[in-house]
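What follows is a set of notes on a single structure, which appears directly below.
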Amino acid sequence: MQTRSTDSLEKRVQTEKKAIKWVMVGDLLLAVLGITFFYLTNSQAILMDGVYPLIDLIAGLLTLRVVTLITQQASESQPFGYAIFEPVLNFIKGILILLVVLVALYASVFALFHGGRQIEANIAVFYSIVASVLGFALSYGLHRMNKTAKSSLIDVDLKGWLIGSVLSVAVGLSFALAIWMETTQYKSWVPYVDPLVILILILVVLPMPLQILKHNGMQIVGRTGNDEASQFLQSQVEAVFASVEYSDIKTRYLQAGRMMYVQVYVQMQADTDFDLLEQDRYRDALFQHLKQTHDYLSLDVIYTTHPIWVARSVGLADGHAQNTQT
């Protein structure tokens with residue numbers, strides 16, 4: 001059973017690394033495509049499509065290194081392992097996505113107040129078709145691979161590519177609209193099409209990088225922010241210790257990327273017949289139980305007869321602990 005679990009974990013890591021390499025290949029292709037067509041069309045929307053993949057390509061090299069580090073065990077120099085690197089990297093990627101969006105916002109607003117932006121719409125339509133097909137194809141591939149990898153790193157890349165793909169589609173529609181407007185009495189509005197479409201898209205995609213920053217930022221500062229998950233974890237712990245005559249039990253956890261740190265404080269009566277062998281048996285049972293849903297798990301089970309330690313574990317005042325004892 002343990003071998004199958006280990007094999008499954010290794011498969012997930014290998015799939016994750018494969019997905020990251022595919023992202024880097026896609027980044028390189030889209031960066032070359034975007035920068036080339038920017039010079040041909042003078043479209044800031046296309047430039048945005050080219051700049052972000054170039055930045056993400058560099059981040060991809062860091063991502064591969066982080067995946068390798070995360071799978072390593074804690075050491076004397078890194079006593080809590082490398083799990084914190086995952087939300088930190090995701091946070092950085094969220095900032096990069098947000099910066100690209102904000103630069104596009106600035107460029108579009110600037111263009112609107114300075115006569116719009118002249119573009120070569122016919123060439124740009126061809127670009128948008130190629131870029132959107134590439135983006136959606138890679139997004140679908142990442143989605144499929146992440147069903148196996150279950151990686152937050154891949155999930156962030158997937159969201160980034162979906163944003164880029166949607167932008168490419170919208171850019172293509174704006175260029176097609178510009179081509180049509182050239183033959184109508186609305187010809188003078190053509191320079192405003194590109195910045196207006198980008199502004200609309202920014203309003204649609206802006207919540208995505210903000211959500212990435214919020215979720216990973218809370219992990220970096222050590223906040224869970226998920227009462228439902230906390231209650232579920234507490235119920236799992238109580239189920240394992242159901243046959244133990246404990247006075248109180250409290251659970252706290254911290255999610256850092258894929259790593260789950262769990263601490264369980266069990267208050268026993270001083271005269272309870274519960275020796276070290278029994279303590280280890282229940283600790284192992286809880287570990288195996290939680291391991292079914294958390295491949296990356298760090299578990300501490302602390303037994304005590306003094307309620308003050310249980311109270312302190314969840315931030316209760318010492319006085320409250322004394323009152324609960326009496």
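Starting from 1 in every chain, residues are counted up; chains themselves are A, B, ... following the order of the structure tokens, and ligands are numbered from 1 as listed.
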
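Using only C-alpha atoms, the residues found no farther than 9 Å from Tyr303 in chain A, other than those of its own chain fewer than 2 positions away, are Val264, Tyr265, Val266, Gln267, Met268, Gln279, Val301 and Thr305 of chain A.
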
Expected file contents, prior selection, N, CA and C atoms, as a CSV table (one decimal), in the first residue's frame:
chain,number,residue,atom,x,y,z
A,264,VAL,N,-1.9,18.6,16.9
A,264,VAL,CA,-3.0,18.2,17.6
A,264,VAL,C,-2.6,18.1,19.1
A,265,TYR,N,-3.4,18.8,19.9
A,265,TYR,CA,-3.1,18.8,21.4
A,265,TYR,C,-4.2,18.0,22.1
A,266,VAL,N,-3.8,17.0,22.8
A,266,VAL,CA,-4.8,16.1,23.5
A,266,VAL,C,-4.6,16.2,25.0
A,267,GLN,N,-5.6,16.7,25.6
A,267,GLN,CA,-5.5,16.8,27.1
A,267,GLN,C,-6.1,15.5,27.7
A,268,MET,N,-5.3,14.8,28.6
A,268,MET,CA,-5.7,13.6,29.2
A,268,MET,C,-5.7,13.9,30.7
A,279,GLN,N,0.1,6.1,22.9
A,279,GLN,CA,0.3,7.4,22.3
A,279,GLN,C,0.8,7.3,20.8
A,301,VAL,N,1.6,15.4,17.4
A,301,VAL,CA,0.5,15.1,18.3
A,301,VAL,C,1.1,15.3,19.7
A,305,THR,N,-1.5,16.8,30.4
A,305,THR,CA,-2.6,16.7,31.4
A,305,THR,C,-3.0,18.1,31.8

Within 10 Å of range 18-40 of chain A, which residues of range 149-205 of chain A come that close, and what is the closest atom pair and distance in Å for each? Count only C-alpha atoms and give it as JSON lines.
{"residue": "A:Ala149", "atom": "CA", "partner": "A:Ala19", "partner_atom": "CA", "distance": 8.8}
{"residue": "A:Leu153", "atom": "CA", "partner": "A:Ile20", "partner_atom": "CA", "distance": 8.6}
{"residue": "A:Ile154", "atom": "CA", "partner": "A:Ile20", "partner_atom": "CA", "distance": 7.1}
{"residue": "A:Asp157", "atom": "CA", "partner": "A:Val23", "partner_atom": "CA", "distance": 7.5}
{"residue": "A:Leu158", "atom": "CA", "partner": "A:Val23", "partner_atom": "CA", "distance": 8.9}
{"residue": "A:Trp161", "atom": "CA", "partner": "A:Val23", "partner_atom": "CA", "distance": 8.8}
{"residue": "A:Gly164", "atom": "CA", "partner": "A:Leu30", "partner_atom": "CA", "distance": 9.9}

Fill in the blank from the handout: The distance between CA of Asn42 in chain A and CA of Val133 in chain A is 21.5 Å

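Note that the spacing between CA of Phe241 in chain A and CA of Ile308 in chain A amounts to 20.3 Å.
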
Exercise for the section: Using backbone DSSP assignments, extract all strand (DSSP E) residues from range 113-250 of chain A; output them as a VMD selection string. Expected result: chain A and resid 246 to 250

Practice task
Might you pull out every residue within 10 Å of Thr272 in chain A, with only C-alpha atoms counted and same-chain residues fewer than 2 positions away left off, and present them as a list in words?
Solution key: Val244, Glu245, Tyr246, Met268, Gln269, Ala270, Phe274, Asp275 and Thr305 of chain A

Practice task
Find the residue from A:Lys17, A:Lys159, A:Lys214, A:His289 that sits nearest to Val88 in chain A; use only C-alpha atoms when measuring.
Solution key: A:Lys214

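Note that the spacing between CA of Val171 in chain A and CA of Gly116 in chain A amounts to 15.0 Å.
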
Exercise for the section: Would you mind listing what lies within 10 Å of Ala176 in chain A as a ChimeraX atom specification, with only C-alpha atoms counted and same-chain residues fewer than 6 positions away left out? Expected result: /A:121-122,124-125,170,193

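The closest residue to Ile84 in chain A, picked from A:Val130, A:Leu138, A:Leu290, A:Ile220 and counting only C-alpha atoms, is A:Ile220.
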
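Among the candidates A:Val262, A:Val103, A:Leu286, A:Ile200, the residue lying nearest to Asp300 in chain A is A:Val262 (atoms considered: only C-alpha atoms).
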
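Each of A:Val197, A:Ala256, A:Lys187, A:Arg12 was compared to Lys147 in chain A using only C-alpha atoms, and A:Arg12 turns out to be the nearest.
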